[in-house]
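*Asks:* So I've got this file, target_20.cif, and it contains mmCIF, C-alpha atoms and all ligand atoms:
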data_data
#
loop_
_atom_site.label_atom_id
_atom_site.label_comp_id
_atom_site.auth_asym_id
_atom_site.auth_seq_id
_atom_site.Cartn_x
_atom_site.Cartn_y
_atom_site.Cartn_z
CA MET L 3 -79.10 30.34 -15.50
CA LYS L 4 -77.27 28.21 -12.96
CA ARG L 5 -74.92 31.07 -12.21
CA ARG L 6 -77.84 33.46 -11.72
CA ALA L 7 -79.48 31.02 -9.31
CA ALA L 8 -76.23 30.70 -7.38
CA ILE L 9 -75.94 34.49 -7.10
CA CYS L 10 -79.51 34.66 -5.76
CA VAL L 11 -78.83 31.98 -3.13
CA LEU L 12 -75.42 33.31 -2.05
CA PRO L 13 -76.63 36.13 0.22
CA PHE L 14 -78.70 33.62 2.22
CA LEU L 15 -75.70 31.36 2.69
CA LEU L 16 -73.57 34.30 3.77
CA THR L 17 -76.17 35.55 6.23
CA ALA L 18 -75.79 34.09 9.69
CA CYS L 19 -79.40 33.01 10.04
CA ALA L 20 -78.89 31.07 13.24
CA GLY L 21 -76.31 30.65 15.93
CA GLU L 22 -74.91 32.68 18.74
CA GLN L 23 -74.58 35.95 16.84
CA SER L 24 -77.87 36.20 15.00
CA VAL L 25 -80.71 38.69 15.15
CA LEU L 26 -82.90 36.00 13.59
CA ASP L 27 -82.39 33.55 16.46
CA PRO L 28 -83.47 35.88 19.27
CA ALA L 29 -82.82 35.14 22.94
CA GLY L 30 -83.93 38.52 24.28
CA ARG L 31 -87.15 40.51 24.31
CA ASP L 32 -85.64 43.35 22.27
CA ALA L 33 -84.11 40.97 19.72
CA GLN L 34 -87.51 39.28 19.36
CA VAL L 35 -89.03 42.61 18.32
CA LEU L 36 -86.23 43.16 15.80
CA SER L 37 -86.65 39.67 14.41
CA ASP L 38 -90.44 40.13 14.07
CA LEU L 39 -89.83 43.45 12.31
CA PHE L 40 -87.46 41.77 9.86
CA TRP L 41 -89.90 39.03 8.92
CA VAL L 42 -92.89 41.38 8.55
CA MET L 43 -90.79 43.79 6.44
CA LEU L 44 -89.62 40.89 4.31
CA ALA L 45 -93.21 39.67 3.82
CA GLY L 46 -94.31 43.21 2.85
CA ALA L 47 -91.40 43.50 0.41
CA VAL L 48 -92.27 40.13 -1.16
CA VAL L 49 -95.93 41.13 -1.61
CA LEU L 50 -94.89 44.40 -3.28
CA TRP L 51 -92.33 42.68 -5.48
CA LEU L 52 -94.82 40.06 -6.63
CA PHE L 53 -97.49 42.67 -7.31
CA VAL L 54 -95.27 45.03 -9.30
CA ASN L 55 -93.72 42.19 -11.31
CA GLY L 56 -97.20 40.74 -11.90
CA LEU L 57 -98.27 44.10 -13.31
CA ILE L 58 -95.25 44.26 -15.59
CA PHE L 59 -95.95 40.75 -16.77
CA TYR L 60 -99.59 41.62 -17.40
CA VAL L 61 -98.81 44.78 -19.35
CA THR L 62 -96.05 43.24 -21.49
CA ARG L 63 -97.49 39.77 -22.13
CA ILE L 64 -101.22 39.63 -21.50
CA ALA L 65 -102.93 43.03 -21.88
CA PRO L 66 -104.45 43.82 -25.31
CA ARG L 67 -102.48 46.29 -27.39
CA PRO L 68 -102.57 49.15 -27.71
CA LEU L 69 -103.46 49.69 -24.08
CA GLY L 70 -106.23 52.29 -23.79
CA ARG L 71 -105.54 55.54 -21.93
CA ARG L 72 -108.03 54.65 -19.16
CA ALA L 73 -106.50 51.25 -18.56
CA ALA L 74 -102.96 52.69 -18.51
CA GLU L 75 -103.99 55.34 -15.97
CA ALA L 76 -105.68 52.76 -13.76
CA LEU L 77 -102.58 50.58 -13.84
CA ILE L 78 -100.19 53.43 -13.08
CA ILE L 79 -102.25 55.02 -10.31
CA GLY L 80 -103.50 51.78 -8.77
CA GLY L 81 -100.37 49.70 -9.14
CA GLY L 82 -97.74 52.40 -8.97
CA VAL L 83 -99.18 54.70 -6.30
CA VAL L 84 -102.13 53.36 -4.33
CA PHE L 85 -101.02 49.80 -3.69
CA PRO L 86 -97.39 50.62 -2.71
CA THR L 87 -98.63 53.48 -0.50
CA ILE L 88 -100.98 51.15 1.36
CA VAL L 89 -98.34 48.42 1.85
CA LEU L 90 -95.50 50.80 2.79
CA GLY L 91 -97.82 52.84 5.03
CA ALA L 92 -98.92 49.68 6.87
CA LEU L 93 -95.29 48.60 7.30
CA LEU L 94 -94.34 52.04 8.61
CA ILE L 95 -97.17 52.05 11.16
CA TYR L 96 -96.25 48.53 12.26
CA ALA L 97 -92.53 49.39 12.52
CA LEU L 98 -93.14 52.55 14.56
CA SER L 99 -95.42 50.69 16.96
CA GLU L 100 -92.88 47.90 17.40
CA MET L 101 -89.77 50.04 17.81
CA PRO L 102 -88.03 48.43 20.73
CA ASN L 103 -87.68 50.77 23.64
CA GLN L 104 -84.12 50.16 24.70
CA ARG L 105 -83.82 53.31 26.71
CA ALA L 106 -82.72 52.62 30.22
CA SER L 107 -85.69 51.94 32.44
CA GLY L 108 -83.74 52.61 35.61
CA GLU L 109 -84.63 49.13 36.85
CA GLY L 110 -82.62 46.03 37.45
CA LEU L 111 -78.95 45.31 37.64
CA GLU L 112 -76.65 48.10 36.49
CA VAL L 113 -73.78 47.01 34.27
CA ARG L 114 -71.25 49.60 33.16
CA VAL L 115 -69.27 48.89 30.04
CA MET L 116 -66.20 50.89 28.99
CA ALA L 117 -64.74 50.39 25.52
CA HIS L 118 -60.97 50.49 25.12
CA GLN L 119 -58.67 49.81 22.14
CA TYR L 120 -59.71 46.87 21.56
CA TRP L 121 -61.34 45.36 24.61
CA TRP L 122 -64.19 45.89 27.06
CA ARG L 123 -64.12 46.67 30.78
CA VAL L 124 -67.29 45.39 32.45
CA GLU L 125 -68.47 46.50 35.89
CA TYR L 126 -71.45 45.03 37.74
CA TRP L 127 -73.14 47.31 40.26
CA PRO L 128 -75.73 45.27 42.15
CA ASP L 129 -78.28 47.21 44.23
CA GLY L 130 -76.64 49.05 47.11
CA ALA L 131 -73.08 48.05 46.17
CA SER L 132 -70.42 50.60 47.12
CA GLU L 133 -67.91 49.16 44.68
CA PRO L 134 -68.34 47.19 41.48
CA VAL L 135 -67.49 43.62 40.58
CA ILE L 136 -64.99 44.10 37.77
CA SER L 137 -64.59 41.82 34.80
CA ALA L 138 -63.64 42.12 31.13
CA ASN L 139 -64.49 40.96 27.63
CA GLU L 140 -67.51 38.95 28.67
CA ILE L 141 -70.88 40.16 29.87
CA ARG L 142 -73.23 38.02 31.93
CA LEU L 143 -76.88 38.88 32.44
CA PRO L 144 -79.73 37.28 34.38
CA THR L 145 -82.72 36.01 32.36
CA GLY L 146 -86.31 37.17 32.80
CA GLN L 147 -85.49 40.69 33.96
CA ARG L 148 -84.20 43.90 32.50
CA SER L 149 -80.61 44.92 33.13
CA GLU L 150 -79.46 48.44 32.55
CA ILE L 151 -76.26 48.85 30.58
CA THR L 152 -74.45 52.18 30.79
CA LEU L 153 -71.84 52.70 28.12
CA ASN L 154 -68.77 54.85 27.77
CA ALA L 155 -65.58 54.83 25.71
CA GLU L 156 -62.01 55.74 26.45
CA ARG L 157 -60.79 57.23 23.20
CA VAL L 158 -62.96 56.78 20.11
CA ILE L 159 -66.53 55.75 19.32
CA HIS L 160 -67.38 52.04 19.50
CA SER L 161 -70.72 50.27 19.37
CA PHE L 162 -71.99 47.59 21.74
CA TRP L 163 -73.99 44.89 20.02
CA ILE L 164 -75.21 41.46 21.07
CA PRO L 165 -77.42 40.58 18.08
CA ALA L 166 -79.15 37.69 19.85
CA LEU L 167 -80.25 39.97 22.71
CA GLY L 168 -81.09 43.32 21.15
CA GLY L 169 -80.06 46.32 19.08
CA LYS L 170 -76.80 48.20 19.20
CA THR L 171 -75.83 51.34 21.09
CA ASP L 172 -72.78 53.54 20.52
CA LEU L 173 -70.19 54.15 23.23
CA ILE L 174 -68.96 57.73 23.02
CA PRO L 175 -65.93 59.20 24.83
CA GLY L 176 -66.96 61.74 27.46
CA ARG L 177 -70.64 60.91 27.22
CA GLN L 178 -72.68 58.20 28.85
CA THR L 179 -75.16 56.29 26.73
CA ARG L 180 -77.62 53.74 28.08
CA MET L 181 -79.59 50.77 26.94
CA SER L 182 -81.42 47.97 28.61
CA LEU L 183 -81.60 44.31 27.72
CA GLU L 184 -83.87 41.50 28.82
CA PRO L 185 -82.66 37.99 27.98
CA VAL L 186 -85.50 35.48 27.80
CA ARG L 187 -83.48 32.27 27.74
CA ALA L 188 -80.19 31.06 29.14
CA GLY L 189 -77.38 30.55 26.65
CA GLN L 190 -74.05 31.65 25.29
CA PHE L 191 -73.86 34.33 22.67
CA ARG L 192 -71.40 36.53 20.91
CA GLY L 193 -71.21 40.30 20.90
CA GLN L 194 -69.25 42.47 18.52
CA CYS L 195 -68.08 46.06 18.31
CA ALA L 196 -70.25 47.50 15.54
CA GLU L 197 -68.57 50.85 14.91
CA PHE L 198 -65.23 51.17 13.14
CA CYS L 199 -62.74 52.08 15.86
CA GLY L 200 -59.31 51.33 14.42
CA GLU L 201 -57.26 48.61 12.80
CA SER L 202 -58.49 45.85 15.10
CA HIS L 203 -62.16 46.84 15.08
CA ALA L 204 -63.06 43.47 13.57
CA TYR L 205 -61.21 41.74 16.43
CA MET L 206 -63.13 43.57 19.14
CA ALA L 207 -65.72 41.01 20.11
CA PHE L 208 -66.92 39.69 23.46
CA GLY L 209 -68.78 36.81 24.99
CA ALA L 210 -72.29 37.13 26.38
CA VAL L 211 -73.72 34.59 28.77
CA THR L 212 -77.30 34.64 30.04
CA MET L 213 -78.19 32.68 33.17
CA PRO L 214 -81.21 32.04 35.40
CA PRO L 215 -81.23 34.66 38.22
CA GLU L 216 -80.10 32.27 41.02
CA GLU L 217 -77.22 30.97 38.90
CA PHE L 218 -76.30 34.52 37.99
CA ALA L 219 -76.25 35.58 41.65
CA ALA L 220 -73.94 32.68 42.52
CA TRP L 221 -71.67 33.53 39.60
CA LEU L 222 -71.50 37.21 40.60
CA GLU L 223 -70.51 36.23 44.13
CA ALA L 224 -67.73 34.01 42.78
CA GLU L 225 -66.61 36.75 40.39
CA ALA L 226 -66.34 39.22 43.29
CA ALA L 227 -64.02 36.87 45.21
CA PRO L 228 -60.22 37.28 44.97
CA ALA L 229 -58.18 34.98 42.75
CA LYS L 230 -57.33 31.44 43.81
CA PRO L 231 -53.66 31.04 44.75
CA PRO L 232 -51.60 29.12 42.17
CA GLU L 233 -51.49 25.34 42.49
CA GLY L 234 -48.35 23.36 41.66
CA ASN L 235 -44.76 24.37 40.95
CA GLU L 236 -45.22 25.56 37.39
CA ALA L 237 -48.18 27.83 38.19
CA THR L 238 -46.35 29.22 41.23
CA ARG L 239 -43.36 30.01 39.01
CA GLY L 240 -45.79 31.63 36.56
CA ALA L 241 -47.31 33.78 39.31
CA ALA L 242 -43.84 35.05 40.26
CA LEU L 243 -43.03 35.76 36.61
CA PHE L 244 -46.33 37.61 36.21
CA LEU L 245 -45.17 40.09 38.85
CA SER L 246 -41.47 40.24 37.92
CA GLU L 247 -42.27 40.84 34.24
CA GLY L 248 -44.43 43.79 35.22
CA CYS L 249 -47.77 42.33 34.05
CA GLY L 250 -49.34 43.67 37.25
CA ALA L 251 -48.66 47.26 36.17
CA CYS L 252 -51.41 46.91 33.56
CA HIS L 253 -53.55 44.01 34.80
CA ALA L 254 -55.23 43.42 38.13
CA VAL L 255 -55.45 40.00 39.74
CA ARG L 256 -57.39 40.68 42.93
CA GLY L 257 -55.84 39.14 46.01
CA THR L 258 -52.30 39.61 44.63
CA ALA L 259 -49.93 42.56 44.24
CA ALA L 260 -51.10 42.97 40.63
CA SER L 261 -53.45 45.96 40.60
CA GLY L 262 -53.04 47.65 37.20
CA ALA L 263 -56.10 49.15 35.55
CA VAL L 264 -54.71 49.81 32.06
CA GLY L 265 -55.63 46.39 30.67
CA PRO L 266 -58.35 43.82 31.37
CA ASP L 267 -58.86 42.52 34.93
CA LEU L 268 -57.55 38.94 34.96
CA THR L 269 -58.80 37.78 38.37
CA HIS L 270 -61.06 35.09 36.89
CA LEU L 271 -59.64 35.07 33.38
CA ALA L 272 -59.91 31.33 32.78
CA SER L 273 -63.62 31.28 33.63
CA ARG L 274 -64.29 33.26 30.45
CA ARG L 275 -65.02 31.48 27.22
CA THR L 276 -62.66 33.45 25.05
CA LEU L 277 -59.33 35.19 25.17
CA ALA L 278 -58.32 38.59 23.79
CA ALA L 279 -61.88 39.94 23.50
CA GLY L 280 -63.60 37.13 21.69
CA ILE L 281 -60.95 36.20 19.15
CA LEU L 282 -59.12 33.19 20.64
CA PRO L 283 -60.35 30.14 22.55
CA MET L 284 -59.58 30.08 26.28
CA GLU L 285 -56.87 27.44 25.96
CA LYS L 286 -53.37 27.22 27.32
CA ALA L 287 -51.68 27.08 23.91
CA ALA L 288 -53.62 30.12 22.67
CA LEU L 289 -52.78 32.00 25.86
CA ARG L 290 -49.07 31.25 25.44
CA ASP L 291 -49.12 32.45 21.82
CA TRP L 292 -51.07 35.56 22.77
CA VAL L 293 -48.70 36.59 25.58
CA SER L 294 -45.70 35.97 23.35
CA ASP L 295 -46.92 38.14 20.46
CA PRO L 296 -50.35 39.81 20.86
CA ALA L 297 -49.96 42.02 17.79
CA ARG L 298 -49.88 38.91 15.61
CA PHE L 299 -53.54 38.36 16.52
CA LYS L 300 -54.64 41.93 17.07
CA PRO L 301 -52.83 44.70 15.16
CA GLY L 302 -52.59 47.91 17.15
CA VAL L 303 -53.08 46.19 20.49
CA GLU L 304 -51.54 48.09 23.40
CA MET L 305 -50.16 45.04 25.16
CA PRO L 306 -46.46 44.51 24.41
CA GLY L 307 -45.21 41.10 23.29
CA PHE L 308 -43.25 38.89 25.70
CA ASP L 309 -41.32 36.89 23.10
CA HIS L 310 -38.11 37.40 25.07
CA LEU L 311 -39.40 34.77 27.52
CA THR L 312 -38.30 31.17 27.07
CA ASP L 313 -40.83 28.49 26.13
CA ALA L 314 -40.69 27.17 29.70
CA GLU L 315 -41.40 30.63 31.10
CA LEU L 316 -44.32 31.20 28.72
CA GLU L 317 -45.65 27.78 29.67
CA ALA L 318 -45.40 28.67 33.38
CA LEU L 319 -47.17 32.01 32.86
CA ALA L 320 -49.93 30.28 30.89
CA SER L 321 -50.28 27.65 33.65
CA TYR L 322 -50.75 30.36 36.23
CA LEU L 323 -53.28 32.28 34.12
CA MET L 324 -55.25 29.13 33.24
CA GLY L 325 -55.57 28.50 36.97
CA LEU L 326 -57.38 31.84 37.47
CA THR L 327 -60.86 30.38 37.28
CU1 LIG L 401 -64.43 49.00 18.93
CU2 LIG L 401 -64.98 48.80 16.68
#
In structure tokens, write the structure found in this file.

*Replies:*
Amino acid sequence: MKRRAAICVLPFLLTACAGEQSVLDPAGRDAQVLSDLFWVMLAGAVVLWLFVNGLIFYVTRIAPRPLGRRAAEALIIGGGVVFPTIVLGALLIYALSEMPNQRASGEGLEVRVMAHQYWWRVEYWPDGASEPVISANEIRLPTGQRSEITLNAERVIHSFWIPALGGKTDLIPGRQTRMSLEPVRAGQFRGQCAEFCGESHAYMAFGAVTMPPEEFAAWLEAEAAPAKPPEGNEATRGAALFLSEGCGACHAVRGTAASGAVGPDLTHLASRRTLAAGILPMEKAALRDWVSDPARFKPGVEMPGFDHLTDAELEALASYLMGLT
């Protein structure tokens, strides 16, 4: 009996019912609709379950035997057809009326997201901008208004999902898909690739930050600015190593000679909450380990390891990168 109870409780413990990656703790208008749908569906399912089990209990334990033909027919038609049809029909009508309309409305800030193996390029296109503000692996959105997200993928299908803000939308190579999101409160959330895309699919996450519009505007302006020059001897040595080791062939650090577009833009790397697309904390030690051997954390990653560097060199590189706020 105890074991059966434990098995019944387990799914609820395993479900992330709250926190920064939960549909059931909504922070966006679309996620609110999904959360409402879940609870109404659950309530409908509970009513049906109780009713059907009540009938079974009645027939097996309470009803006089043998059960007359009339009574049996009434039970089967009423309990097995009419009642479920009414409940399921009501749920269907409710669900269809509440389907969140995530199709792009054409309004608000345009954010373009491109999925790579296994990271995200993020471009912000404010009204009238001739070139985007480029970032990676973290998406920021203003609260209280809709933002339009256009999605594309480099090589295989991925899926863009921030459970706390709304539903998911696939990113398909060669085809643009769109969705729109409207955060209702400021906070920090987690997004995740929701379509199997290769060996590191599970490690393809991203940060999502929602901010009041004025704060967002200030952040976007700072994000558009070039990188701060390195401060101190170690960071300056790291900046030189960054270029001499060829990091700039793949990564851009605006304001320096590094202008690669193969990997994530690192101009304001250290202002992001996570490293390596949501899988490591933005800390110097993690950064050093990542640069030394990325495949240890993310199998199939395209970035080569730099384990030929000495500890002092890795430390200098990490100092430089941690200064890119
Ligand atoms: Cu990208 Cu799964």

*Asks:* Please list as a PDB file with C-alpha atoms, in the frame of the given file every residue within 8 Å of Ile281 (chain L), counting all atoms listed in the file and excluding residues in the same chain fewer than 5 positions away.

*Replies:*
ATOM      1  CA  TYR L 205     -61.210  41.740  16.430  1.00  0.00           C
ATOM      2  CA  MET L 206     -63.130  43.570  19.140  1.00  0.00           C
ATOM      3  CA  ALA L 207     -65.720  41.010  20.110  1.00  0.00           C
ATOM      4  CA  THR L 276     -62.660  33.450  25.050  1.00  0.00           C
TER       5      THR L 276
END

*Asks:* Which of these residues is nearest to Ala45 (chain L), using all atoms listed in the file: L:Val89, L:Val61, L:Val84, L:Ala210?

*Replies:* L:Val89

*Asks:* CA of Ala33 (chain L) and CA of Met284 (chain L), how far apart in Å?

*Replies:*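 CA of Met284 (chain L) sits 27.6 Å away from CA of Ala33 (chain L).
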
*Asks:* Can I get the residues close to ligand LIG 401 (chain L) as a compact mmCIF listing (two decimals) with C-alpha atoms, keeping the file's coordinate frame, where close means within 7 Å and we count only C-alpha atoms and all ligand atoms?

*Replies:*
# COMPACT_ATOMS: atom_id res chain seq x y z
CA ALA L 117 -64.74 50.39 25.52
CA GLN L 119 -58.67 49.81 22.14
CA TYR L 120 -59.71 46.87 21.56
CA HIS L 160 -67.38 52.04 19.50
CA SER L 161 -70.72 50.27 19.37
CA CYS L 195 -68.08 46.06 18.31
CA ALA L 196 -70.25 47.50 15.54
CA GLU L 197 -68.57 50.85 14.91
CA PHE L 198 -65.23 51.17 13.14
CA CYS L 199 -62.74 52.08 15.86
CA GLY L 200 -59.31 51.33 14.42
CA HIS L 203 -62.16 46.84 15.08
CA ALA L 204 -63.06 43.47 13.57
CA MET L 206 -63.13 43.57 19.14

*Asks:* Any idea what's packed within 9 Å of region 238-251 of chain L, counting only C-alpha atoms, ignoring anything in its chain fewer than 6 positions away? Could you give it as a list in words?

*Replies:* Pro231, Pro232, Thr258, Ala259, Ala260, Ser261, Gly262, Ala263, Val264, Gly265, Phe308, Glu315, Leu316, Glu317, Ala318, Leu319, Ala320, Ser321, Tyr322 and Leu323 of chain L

*Asks:* Quick one: residues within 12 Å of Glu304 (chain L), all atoms listed in the file counted, chain neighbours fewer than 3 positions away excluded, as a VMD selection string?

*Replies:* chain L and resid 118 to 121 202 252 264 to 266 278 295 to 297 300 to 301 307

*Asks:* Which polymer residues have any atom within 8 Å of an atom of region 175-192 of chain L, counting only C-alpha atoms, with same-chain residues fewer than 4 positions away left out, as a PDB file with C-alpha atoms, keeping the file's coordinate frame?

*Replies:*
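Once written, out15.pdb looks like this:
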ATOM      1  CA  GLU L  22     -74.910  32.680  18.740  1.00  0.00           C
ATOM      2  CA  GLN L  23     -74.580  35.950  16.840  1.00  0.00           C
ATOM      3  CA  ALA L  29     -82.820  35.140  22.940  1.00  0.00           C
ATOM      4  CA  GLY L  30     -83.930  38.520  24.280  1.00  0.00           C
ATOM      5  CA  ARG L  31     -87.150  40.510  24.310  1.00  0.00           C
ATOM      6  CA  ASP L  32     -85.640  43.350  22.270  1.00  0.00           C
ATOM      7  CA  GLN L 104     -84.120  50.160  24.700  1.00  0.00           C
ATOM      8  CA  ARG L 105     -83.820  53.310  26.710  1.00  0.00           C
ATOM      9  CA  ALA L 106     -82.720  52.620  30.220  1.00  0.00           C
ATOM     10  CA  SER L 107     -85.690  51.940  32.440  1.00  0.00           C
ATOM     11  CA  LEU L 143     -76.880  38.880  32.440  1.00  0.00           C
ATOM     12  CA  PRO L 144     -79.730  37.280  34.380  1.00  0.00           C
ATOM     13  CA  THR L 145     -82.720  36.010  32.360  1.00  0.00           C
ATOM     14  CA  GLY L 146     -86.310  37.170  32.800  1.00  0.00           C
ATOM     15  CA  GLN L 147     -85.490  40.690  33.960  1.00  0.00           C
ATOM     16  CA  ARG L 148     -84.200  43.900  32.500  1.00  0.00           C
ATOM     17  CA  SER L 149     -80.610  44.920  33.130  1.00  0.00           C
ATOM     18  CA  GLU L 150     -79.460  48.440  32.550  1.00  0.00           C
ATOM     19  CA  ILE L 151     -76.260  48.850  30.580  1.00  0.00           C
ATOM     20  CA  THR L 152     -74.450  52.180  30.790  1.00  0.00           C
ATOM     21  CA  LEU L 153     -71.840  52.700  28.120  1.00  0.00           C
ATOM     22  CA  ASN L 154     -68.770  54.850  27.770  1.00  0.00           C
ATOM     23  CA  ALA L 155     -65.580  54.830  25.710  1.00  0.00           C
ATOM     24  CA  GLU L 156     -62.010  55.740  26.450  1.00  0.00           C
ATOM     25  CA  ARG L 157     -60.790  57.230  23.200  1.00  0.00           C
ATOM     26  CA  VAL L 158     -62.960  56.780  20.110  1.00  0.00           C
ATOM     27  CA  ILE L 159     -66.530  55.750  19.320  1.00  0.00           C
ATOM     28  CA  ILE L 164     -75.210  41.460  21.070  1.00  0.00           C
ATOM     29  CA  PRO L 165     -77.420  40.580  18.080  1.00  0.00           C
ATOM     30  CA  ALA L 166     -79.150  37.690  19.850  1.00  0.00           C
ATOM     31  CA  LEU L 167     -80.250  39.970  22.710  1.00  0.00           C
ATOM     32  CA  GLY L 168     -81.090  43.320  21.150  1.00  0.00           C
ATOM     33  CA  THR L 171     -75.830  51.340  21.090  1.00  0.00           C
ATOM     34  CA  ALA L 207     -65.720  41.010  20.110  1.00  0.00           C
ATOM     35  CA  PHE L 208     -66.920  39.690  23.460  1.00  0.00           C
ATOM     36  CA  GLY L 209     -68.780  36.810  24.990  1.00  0.00           C
ATOM     37  CA  ALA L 210     -72.290  37.130  26.380  1.00  0.00           C
ATOM     38  CA  VAL L 211     -73.720  34.590  28.770  1.00  0.00           C
ATOM     39  CA  THR L 212     -77.300  34.640  30.040  1.00  0.00           C
ATOM     40  CA  MET L 213     -78.190  32.680  33.170  1.00  0.00           C
ATOM     41  CA  PRO L 214     -81.210  32.040  35.400  1.00  0.00           C
ATOM     42  CA  GLY L 280     -63.600  37.130  21.690  1.00  0.00           C
TER      43      GLY L 280
END

*Asks:* Here is a test: counting all atoms listed in the file, which residue of L:Glu201, L:Glu285, L:Glu225, L:Glu100 is nearest to Val303 (chain L)?

*Replies:*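 Closest residue, counting all atoms listed in the file: L:Glu201.
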
*Asks:* Go ahead and compute the interatomic distance for CA of Glu233 (chain L) and CA of Glu133 (chain L), in Å to one decimal.

*Replies:*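 CA of Glu133 (chain L) lies 29.0 Å from CA of Glu233 (chain L).
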
*Asks:* In Å, how far is it from CA of Leu93 (chain L) to CA of Ile78 (chain L)?

*Replies:* 21.5 Å

*Asks:* Let me make sure I understand: among L:Gly91, L:Pro128, L:Pro134, L:Pro66, which one has the smallest atom-to-atom distance to Glu109 (chain L) if we use only C-alpha atoms?

*Replies:*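 Checking each of L:Gly91, L:Pro128, L:Pro134, L:Pro66 against Glu109 (chain L), counting only C-alpha atoms, the winner is L:Pro128.
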
*Asks:* Go through L:Lys230, L:Arg298, L:Arg275, L:Arg6 one by one, measure the shortest atom-to-atom distance of each to Glu140 (chain L) using only C-alpha atoms, and give the residue with the smallest value.

*Replies:*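 Among the listed residues, L:Arg275 lies closest to Glu140 (chain L).
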
*Asks:* Taking all atoms listed in the file into account, name the residue in L:Ile136, L:Ala65, L:Leu289, L:Leu57 that is nearest to Gly82 (chain L).

*Replies:*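 Looking only at the distances to Gly82 (chain L), the closest residue turns out to be L:Leu57.
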